[in-house]
Amino acid sequence: MNKGLLIVVSGPSGCGKGTILSQILKNENIYYSVSATTRAPREGEVNGINYHFMDKQEFMELIETGGMLEYAFYCDNYYGTPRKQVEEMLESGKDVILEIEVKGAMKIKETCPEAVFIFILPPSLNELRRRLEKRRTESEEKIEKRLAEAVNEIKAAKYYDYIMVNEDLTKAIDELNAIIVAEKLTQKRSLNKIDEVLNNA
Ligand code: 5GP
């Protein structure tokens, strides 16, 4: 059996990654890696589903024991990908999505170059501000911080394999699905199919 595909999705806070991914994840063969974070839960967020919420000491212990595939410090908090489940899922043939910011994604690029890297752009910075303000999950000060960070993140989009613009939700979902389907059909991930056909004569 082929190993699963590791799919890394980044985009500035408010670009709509979460909404797009919630549709993609209806596919049962795709596993969403639940990150660890030191950020406080937002209203409605559930521990173990949205994030593994933990304090800084717990987070640092995970790093020290090699339990993190990557981690980064973003807008005053730590965020990281717990290694174990991701590796187990990939081994069992499931595709895994990491929804992570740019610094963490670049770490994955070094350690797992076979992963596919997708960046989601907002239609404009004004629209990004509008979406963040409408969401009402951050204070005005935190929104400004996230917007400042967004400019740096967008500049790093050029290091990704695919760059999408989330202007129309349905189109964005279709595009992300298309990328995943096409990536799974690439020659390097499909060589075993040739032997299967030849041996099944
Ligand atoms: P939020 O606080 O809005 O949930 O997330 C802030 C940023 O952290 C987002 O860009 C999100 O993609 C990123 N993020 C979430 N989990 C991880 C992770 O495990 N590692 C890294 N590097 N970034 C993450």
# chains A, B, ... in the order shown; residues from 1 in each chain; ligands from 1

call {"tool": "closest_atom_pairs", "arguments": {"of": "chain A", "to": "ligand 1", "cutoff": "9 Å", "atoms": "only C-alpha atoms and all ligand atoms", "output": "CSV"}}
result
residue,atom,partner,partner_atom_place_in_ligand_line,distance
A:Val9,CA,ligand 1,12 (O),7.6
A:Ser10,CA,ligand 1,12 (O),5.9
A:Gly11,CA,ligand 1,10 (O),6.2
A:Pro12,CA,ligand 1,10 (O),5.6
A:Ser13,CA,ligand 1,10 (O),5.2
A:Gly14,CA,ligand 1,3 (O),7.7
A:Lys17,CA,ligand 1,12 (O),7.9
A:Gly18,CA,ligand 1,12 (O),8.6
A:Ser33,CA,ligand 1,19 (O),8.0
A:Val34,CA,ligand 1,19 (O),7.3
A:Ser35,CA,ligand 1,19 (O),4.2
A:Ala36,CA,ligand 1,19 (O),5.9
A:Thr37,CA,ligand 1,16 (N),7.0
A:Arg39,CA,ligand 1,2 (O),6.7
A:Ala40,CA,ligand 1,2 (O),8.7
A:Pro41,CA,ligand 1,4 (O),8.8
A:Arg42,CA,ligand 1,4 (O),8.7
A:Asn50,CA,ligand 1,4 (O),8.2
A:Tyr51,CA,ligand 1,16 (N),7.7
A:Met68,CA,ligand 1,19 (O),8.7
A:Leu69,CA,ligand 1,19 (O),8.6
A:Glu70,CA,ligand 1,20 (N),6.4
A:Tyr71,CA,ligand 1,22 (N),4.7
A:Ala72,CA,ligand 1,22 (N),4.5
A:Phe73,CA,ligand 1,22 (N),7.4
A:Tyr74,CA,ligand 1,8 (O),6.3
A:Cys75,CA,ligand 1,6 (C),7.6
A:Asn77,CA,ligand 1,2 (O),8.2
A:Tyr78,CA,ligand 1,21 (C),7.8
A:Tyr79,CA,ligand 1,18 (C),4.4
A:Gly80,CA,ligand 1,19 (O),3.3
A:Thr81,CA,ligand 1,19 (O),3.9
A:Pro82,CA,ligand 1,19 (O),7.4
A:Leu98,CA,ligand 1,19 (O),7.2
A:Glu99,CA,ligand 1,12 (O),4.7
A:Ile100,CA,ligand 1,23 (N),3.6
A:Glu101,CA,ligand 1,23 (N),4.1
A:Val102,CA,ligand 1,22 (N),6.7
A:Lys103,CA,ligand 1,22 (N),6.0
A:Gly104,CA,ligand 1,22 (N),3.7
A:Ala105,CA,ligand 1,22 (N),6.4
A:Met106,CA,ligand 1,22 (N),8.9
A:Lys107,CA,ligand 1,22 (N),8.6
A:Thr137,CA,ligand 1,3 (O),8.9
A:Arg146,CA,ligand 1,6 (C),8.5
A:Ala150,CA,ligand 1,10 (O),8.9
A:Glu153,CA,ligand 1,10 (O),8.9

call {"tool": "select_by_dssp", "arguments": {"residues": "region 20-178 of chain A", "states": "strand (DSSP E)", "output": "number ranges by chain"}}
result
A: 30-32, 36-37, 52-53, 68-74, 77-82, 95-99, 116-121, 162-165

call {"tool": "select_by_dssp", "arguments": {"residues": "chain A", "states": "helix (DSSP H, G or I)", "output": "PyMOL selection string"}}
result
chain A and resi 17-24+56-64+83-91+102-111+125-135+140-159+169-184+187-189+191-199

call {"tool": "residues_around", "arguments": {"residues": "Pro123 (chain A)", "least_positions_apart": "3", "cutoff": "8 Å", "atoms": "only C-alpha atoms", "output": "JSON list (two decimals) with N, CA, C and O atoms, in the first residue's frame"}}
result
[["chain", "number", "residue", "atom", "x", "y", "z"],
["A", 127, "GLU", "N", -9.99, 42.94, 2.34],
["A", 127, "GLU", "CA", -10.96, 41.87, 2.57],
["A", 127, "GLU", "C", -10.54, 41.02, 3.77],
["A", 127, "GLU", "O", -11.39, 40.58, 4.56],
["A", 128, "LEU", "N", -9.24, 40.84, 3.93],
["A", 128, "LEU", "CA", -8.74, 40.06, 5.07],
["A", 128, "LEU", "C", -9.12, 40.77, 6.37],
["A", 128, "LEU", "O", -9.61, 40.14, 7.32],
["A", 165, "VAL", "N", -6.55, 31.54, -4.53],
["A", 165, "VAL", "CA", -7.16, 32.75, -3.95],
["A", 165, "VAL", "C", -8.56, 32.36, -3.49],
["A", 165, "VAL", "O", -9.34, 31.79, -4.25],
["A", 166, "ASN", "N", -8.86, 32.64, -2.23],
["A", 166, "ASN", "CA", -10.19, 32.30, -1.73],
["A", 166, "ASN", "C", -11.14, 33.49, -1.88],
["A", 166, "ASN", "O", -11.38, 34.24, -0.94],
["A", 167, "GLU", "N", -11.67, 33.61, -3.10],
["A", 167, "GLU", "CA", -12.63, 34.69, -3.36],
["A", 167, "GLU", "C", -14.04, 34.11, -3.29],
["A", 167, "GLU", "O", -14.95, 34.70, -2.74]]

call {"tool": "closest_residue", "arguments": {"among": "A:Ala157, A:Ala115, A:Thr38, A:Leu90", "to": "Gln57 (chain A)", "atoms": "only C-alpha atoms"}}
result
A:Thr38

call {"tool": "atom_distance", "arguments": {"atom1": "CA of Lys109 (chain A)", "atom2": "CA of Met60 (chain A)"}}
result
22.2 Å

call {"tool": "residues_around", "arguments": {"residues": "Glu114 (chain A)", "least_positions_apart": "2", "cutoff": "12 Å", "atoms": "only C-alpha atoms", "output": "number ranges by chain"}}
result
A: 3-8, 108-112, 116-117, 161, 183-184, 186, 188-189

call {"tool": "write_last_selection", "arguments": {"atoms": "C-alpha atoms", "output": "JSON list (two decimals), in the first residue's frame"}}
result
[["chain", "number", "residue", "atom", "x", "y", "z"],
["A", 3, "LYS", "CA", 1.91, 5.85, 2.16],
["A", 4, "GLY", "CA", -0.62, 8.65, 2.58],
["A", 5, "LEU", "CA", -0.06, 12.12, 1.17],
["A", 6, "LEU", "CA", 1.04, 14.86, 3.56],
["A", 7, "ILE", "CA", -0.82, 18.07, 2.63],
["A", 8, "VAL", "CA", 0.40, 21.33, 4.16],
["A", 108, "ILE", "CA", 8.18, 20.49, 7.11],
["A", 109, "LYS", "CA", 9.63, 21.30, 3.71],
["A", 110, "GLU", "CA", 13.08, 20.44, 5.09],
["A", 111, "THR", "CA", 12.06, 17.28, 6.91],
["A", 112, "CYS", "CA", 9.30, 15.95, 4.59],
["A", 116, "VAL", "CA", 2.54, 19.02, -1.02],
["A", 117, "PHE", "CA", 2.44, 22.70, -0.03],
["A", 161, "ASP", "CA", 3.73, 24.34, -4.75],
["A", 183, "GLU", "CA", -1.17, 15.04, -6.57],
["A", 184, "LYS", "CA", -2.22, 11.49, -5.81],
["A", 186, "THR", "CA", 1.50, 11.94, -10.09],
["A", 188, "LYS", "CA", 6.04, 9.20, -8.41],
["A", 189, "ARG", "CA", 2.99, 8.21, -6.37]]

call {"tool": "residues_around", "arguments": {"residues": "Leu21 (chain A)", "least_positions_apart": "4", "cutoff": "10 Å", "atoms": "only C-alpha atoms", "output": "PDB file with N, CA, C and O atoms, in the first residue's frame"}}
result
ATOM      1  N   VAL A   9      -1.259  23.091   4.412  1.00  0.00           N
ATOM      2  CA  VAL A   9      -2.048  24.240   3.964  1.00  0.00           C
ATOM      3  C   VAL A   9      -1.742  25.435   4.864  1.00  0.00           C
ATOM      4  O   VAL A   9      -1.857  25.362   6.082  1.00  0.00           O
ATOM      5  N   GLY A  16      -9.753  32.126   5.360  1.00  0.00           N
ATOM      6  CA  GLY A  16     -10.830  31.159   5.118  1.00  0.00           C
ATOM      7  C   GLY A  16     -10.370  29.712   5.042  1.00  0.00           C
ATOM      8  O   GLY A  16     -11.133  28.838   4.636  1.00  0.00           O
ATOM      9  N   LYS A  17      -9.127  29.447   5.495  1.00  0.00           N
ATOM     10  CA  LYS A  17      -8.607  28.063   5.455  1.00  0.00           C
ATOM     11  C   LYS A  17      -9.541  27.095   6.164  1.00  0.00           C
ATOM     12  O   LYS A  17      -9.839  26.029   5.663  1.00  0.00           O
ATOM     13  N   LEU A  25     -12.626  17.909   4.563  1.00  0.00           N
ATOM     14  CA  LEU A  25     -12.489  16.834   5.551  1.00  0.00           C
ATOM     15  C   LEU A  25     -13.706  15.927   5.633  1.00  0.00           C
ATOM     16  O   LEU A  25     -13.723  14.979   6.410  1.00  0.00           O
ATOM     17  N   LYS A  26     -14.710  16.207   4.815  1.00  0.00           N
ATOM     18  CA  LYS A  26     -15.843  15.268   4.752  1.00  0.00           C
ATOM     19  C   LYS A  26     -15.393  13.958   4.114  1.00  0.00           C
ATOM     20  O   LYS A  26     -16.048  12.934   4.245  1.00  0.00           O
ATOM     21  N   TYR A  32      -7.280  15.168   9.683  1.00  0.00           N
ATOM     22  CA  TYR A  32      -6.857  16.519  10.040  1.00  0.00           C
ATOM     23  C   TYR A  32      -5.994  16.435  11.288  1.00  0.00           C
ATOM     24  O   TYR A  32      -6.437  15.938  12.323  1.00  0.00           O
ATOM     25  N   ILE A  97      -3.771  16.309   6.587  1.00  0.00           N
ATOM     26  CA  ILE A  97      -3.689  17.751   6.349  1.00  0.00           C
ATOM     27  C   ILE A  97      -3.114  18.452   7.582  1.00  0.00           C
ATOM     28  O   ILE A  97      -3.600  18.258   8.697  1.00  0.00           O
ATOM     29  N   GLU A  99      -2.733  22.195   8.935  1.00  0.00           N
ATOM     30  CA  GLU A  99      -3.107  23.596   8.709  1.00  0.00           C
ATOM     31  C   GLU A  99      -2.189  24.421   9.598  1.00  0.00           C
ATOM     32  O   GLU A  99      -2.445  24.567  10.798  1.00  0.00           O
ATOM     33  N   ALA A 172     -13.013  27.631  -4.353  1.00  0.00           N
ATOM     34  CA  ALA A 172     -11.810  27.310  -3.572  1.00  0.00           C
ATOM     35  C   ALA A 172     -11.842  25.843  -3.121  1.00  0.00           C
ATOM     36  O   ALA A 172     -10.819  25.149  -3.172  1.00  0.00           O
ATOM     37  N   ILE A 173     -13.003  25.369  -2.700  1.00  0.00           N
ATOM     38  CA  ILE A 173     -13.108  23.961  -2.277  1.00  0.00           C
ATOM     39  C   ILE A 173     -12.806  23.039  -3.460  1.00  0.00           C
ATOM     40  O   ILE A 173     -12.055  22.070  -3.345  1.00  0.00           O
ATOM     41  N   LEU A 176      -9.030  23.066  -4.206  1.00  0.00           N
ATOM     42  CA  LEU A 176      -8.219  22.298  -3.255  1.00  0.00           C
ATOM     43  C   LEU A 176      -8.417  20.798  -3.470  1.00  0.00           C
ATOM     44  O   LEU A 176      -7.467  20.017  -3.464  1.00  0.00           O
ATOM     45  N   ASN A 177      -9.656  20.401  -3.718  1.00  0.00           N
ATOM     46  CA  ASN A 177      -9.925  18.988  -4.018  1.00  0.00           C
ATOM     47  C   ASN A 177      -9.163  18.550  -5.265  1.00  0.00           C
ATOM     48  O   ASN A 177      -8.585  17.459  -5.301  1.00  0.00           O
TER      49      ASN A 177
END

call {"tool": "residues_around", "arguments": {"residues": "Glu28 (chain A)", "least_positions_apart": "6", "cutoff": "12 Å", "atoms": "only C-alpha atoms", "output": "PDB file with N, CA, C and O atoms, in the first residue's frame"}}
result
ATOM      1  N   SER A  22     -12.993  22.435   6.303  1.00  0.00           N
ATOM      2  CA  SER A  22     -14.103  21.683   6.908  1.00  0.00           C
ATOM      3  C   SER A  22     -14.889  20.919   5.829  1.00  0.00           C
ATOM      4  O   SER A  22     -15.421  19.850   6.094  1.00  0.00           O
ATOM      5  N   LYS A  94      -3.437   6.816   5.038  1.00  0.00           N
ATOM      6  CA  LYS A  94      -4.365   7.955   5.040  1.00  0.00           C
ATOM      7  C   LYS A  94      -3.631   9.237   4.669  1.00  0.00           C
ATOM      8  O   LYS A  94      -2.475   9.434   5.040  1.00  0.00           O
ATOM      9  N   ASP A  95      -4.334  10.122   3.977  1.00  0.00           N
ATOM     10  CA  ASP A  95      -3.756  11.444   3.702  1.00  0.00           C
ATOM     11  C   ASP A  95      -3.937  12.312   4.947  1.00  0.00           C
ATOM     12  O   ASP A  95      -4.932  12.185   5.661  1.00  0.00           O
ATOM     13  N   VAL A  96      -2.968  13.180   5.191  1.00  0.00           N
ATOM     14  CA  VAL A  96      -3.008  14.006   6.400  1.00  0.00           C
ATOM     15  C   VAL A  96      -2.884  15.478   6.026  1.00  0.00           C
ATOM     16  O   VAL A  96      -1.999  15.845   5.238  1.00  0.00           O
TER      17      VAL A  96
END

call {"tool": "atom_distance", "arguments": {"atom1": "CA of Arg131 (chain A)", "atom2": "CA of Thr170 (chain A)"}}
result
17.1 Å

call {"tool": "decode", "arguments": {"residues": "region 99-111 of chain A", "atoms": "N, CA, C and O atoms", "output": "JSON list (two decimals), in the first residue's frame"}}
result
[["chain", "number", "residue", "atom", "x", "y", "z"],
["A", 99, "GLU", "N", -2.73, 22.20, 8.93],
["A", 99, "GLU", "CA", -3.11, 23.60, 8.71],
["A", 99, "GLU", "C", -2.19, 24.42, 9.60],
["A", 99, "GLU", "O", -2.44, 24.57, 10.80],
["A", 100, "ILE", "N", -1.11, 24.91, 9.04],
["A", 100, "ILE", "CA", -0.07, 25.53, 9.87],
["A", 100, "ILE", "C", 0.45, 26.82, 9.23],
["A", 100, "ILE", "O", 0.29, 27.03, 8.03],
["A", 101, "GLU", "N", 1.11, 27.64, 10.05],
["A", 101, "GLU", "CA", 1.61, 28.90, 9.50],
["A", 101, "GLU", "C", 2.94, 28.66, 8.76],
["A", 101, "GLU", "O", 3.46, 27.54, 8.73],
["A", 102, "VAL", "N", 3.45, 29.74, 8.19],
["A", 102, "VAL", "CA", 4.55, 29.63, 7.23],
["A", 102, "VAL", "C", 5.86, 29.07, 7.79],
["A", 102, "VAL", "O", 6.50, 28.22, 7.17],
["A", 103, "LYS", "N", 6.26, 29.52, 9.00],
["A", 103, "LYS", "CA", 7.56, 29.06, 9.53],
["A", 103, "LYS", "C", 7.53, 27.55, 9.75],
["A", 103, "LYS", "O", 8.49, 26.84, 9.42],
["A", 104, "GLY", "N", 6.42, 27.07, 10.29],
["A", 104, "GLY", "CA", 6.28, 25.63, 10.52],
["A", 104, "GLY", "C", 6.27, 24.87, 9.20],
["A", 104, "GLY", "O", 6.87, 23.80, 9.07],
["A", 105, "ALA", "N", 5.60, 25.44, 8.20],
["A", 105, "ALA", "CA", 5.52, 24.79, 6.89],
["A", 105, "ALA", "C", 6.91, 24.66, 6.27],
["A", 105, "ALA", "O", 7.25, 23.64, 5.67],
["A", 106, "MET", "N", 7.74, 25.68, 6.48],
["A", 106, "MET", "CA", 9.10, 25.63, 5.90],
["A", 106, "MET", "C", 9.95, 24.56, 6.60],
["A", 106, "MET", "O", 10.80, 23.93, 5.99],
["A", 107, "LYS", "N", 9.67, 24.34, 7.89],
["A", 107, "LYS", "CA", 10.36, 23.23, 8.60],
["A", 107, "LYS", "C", 9.97, 21.90, 7.97],
["A", 107, "LYS", "O", 10.80, 21.03, 7.75],
["A", 108, "ILE", "N", 8.66, 21.75, 7.71],
["A", 108, "ILE", "CA", 8.18, 20.49, 7.11],
["A", 108, "ILE", "C", 8.83, 20.29, 5.74],
["A", 108, "ILE", "O", 9.15, 19.18, 5.34],
["A", 109, "LYS", "N", 9.02, 21.39, 5.03],
["A", 109, "LYS", "CA", 9.63, 21.30, 3.71],
["A", 109, "LYS", "C", 11.04, 20.69, 3.80],
["A", 109, "LYS", "O", 11.47, 19.94, 2.94],
["A", 110, "GLU", "N", 11.74, 21.01, 4.90],
["A", 110, "GLU", "CA", 13.08, 20.44, 5.09],
["A", 110, "GLU", "C", 13.01, 18.97, 5.47],
["A", 110, "GLU", "O", 13.76, 18.15, 4.98],
["A", 111, "THR", "N", 12.06, 18.65, 6.38],
["A", 111, "THR", "CA", 12.06, 17.28, 6.91],
["A", 111, "THR", "C", 11.20, 16.31, 6.08],
["A", 111, "THR", "O", 11.47, 15.12, 6.09]]
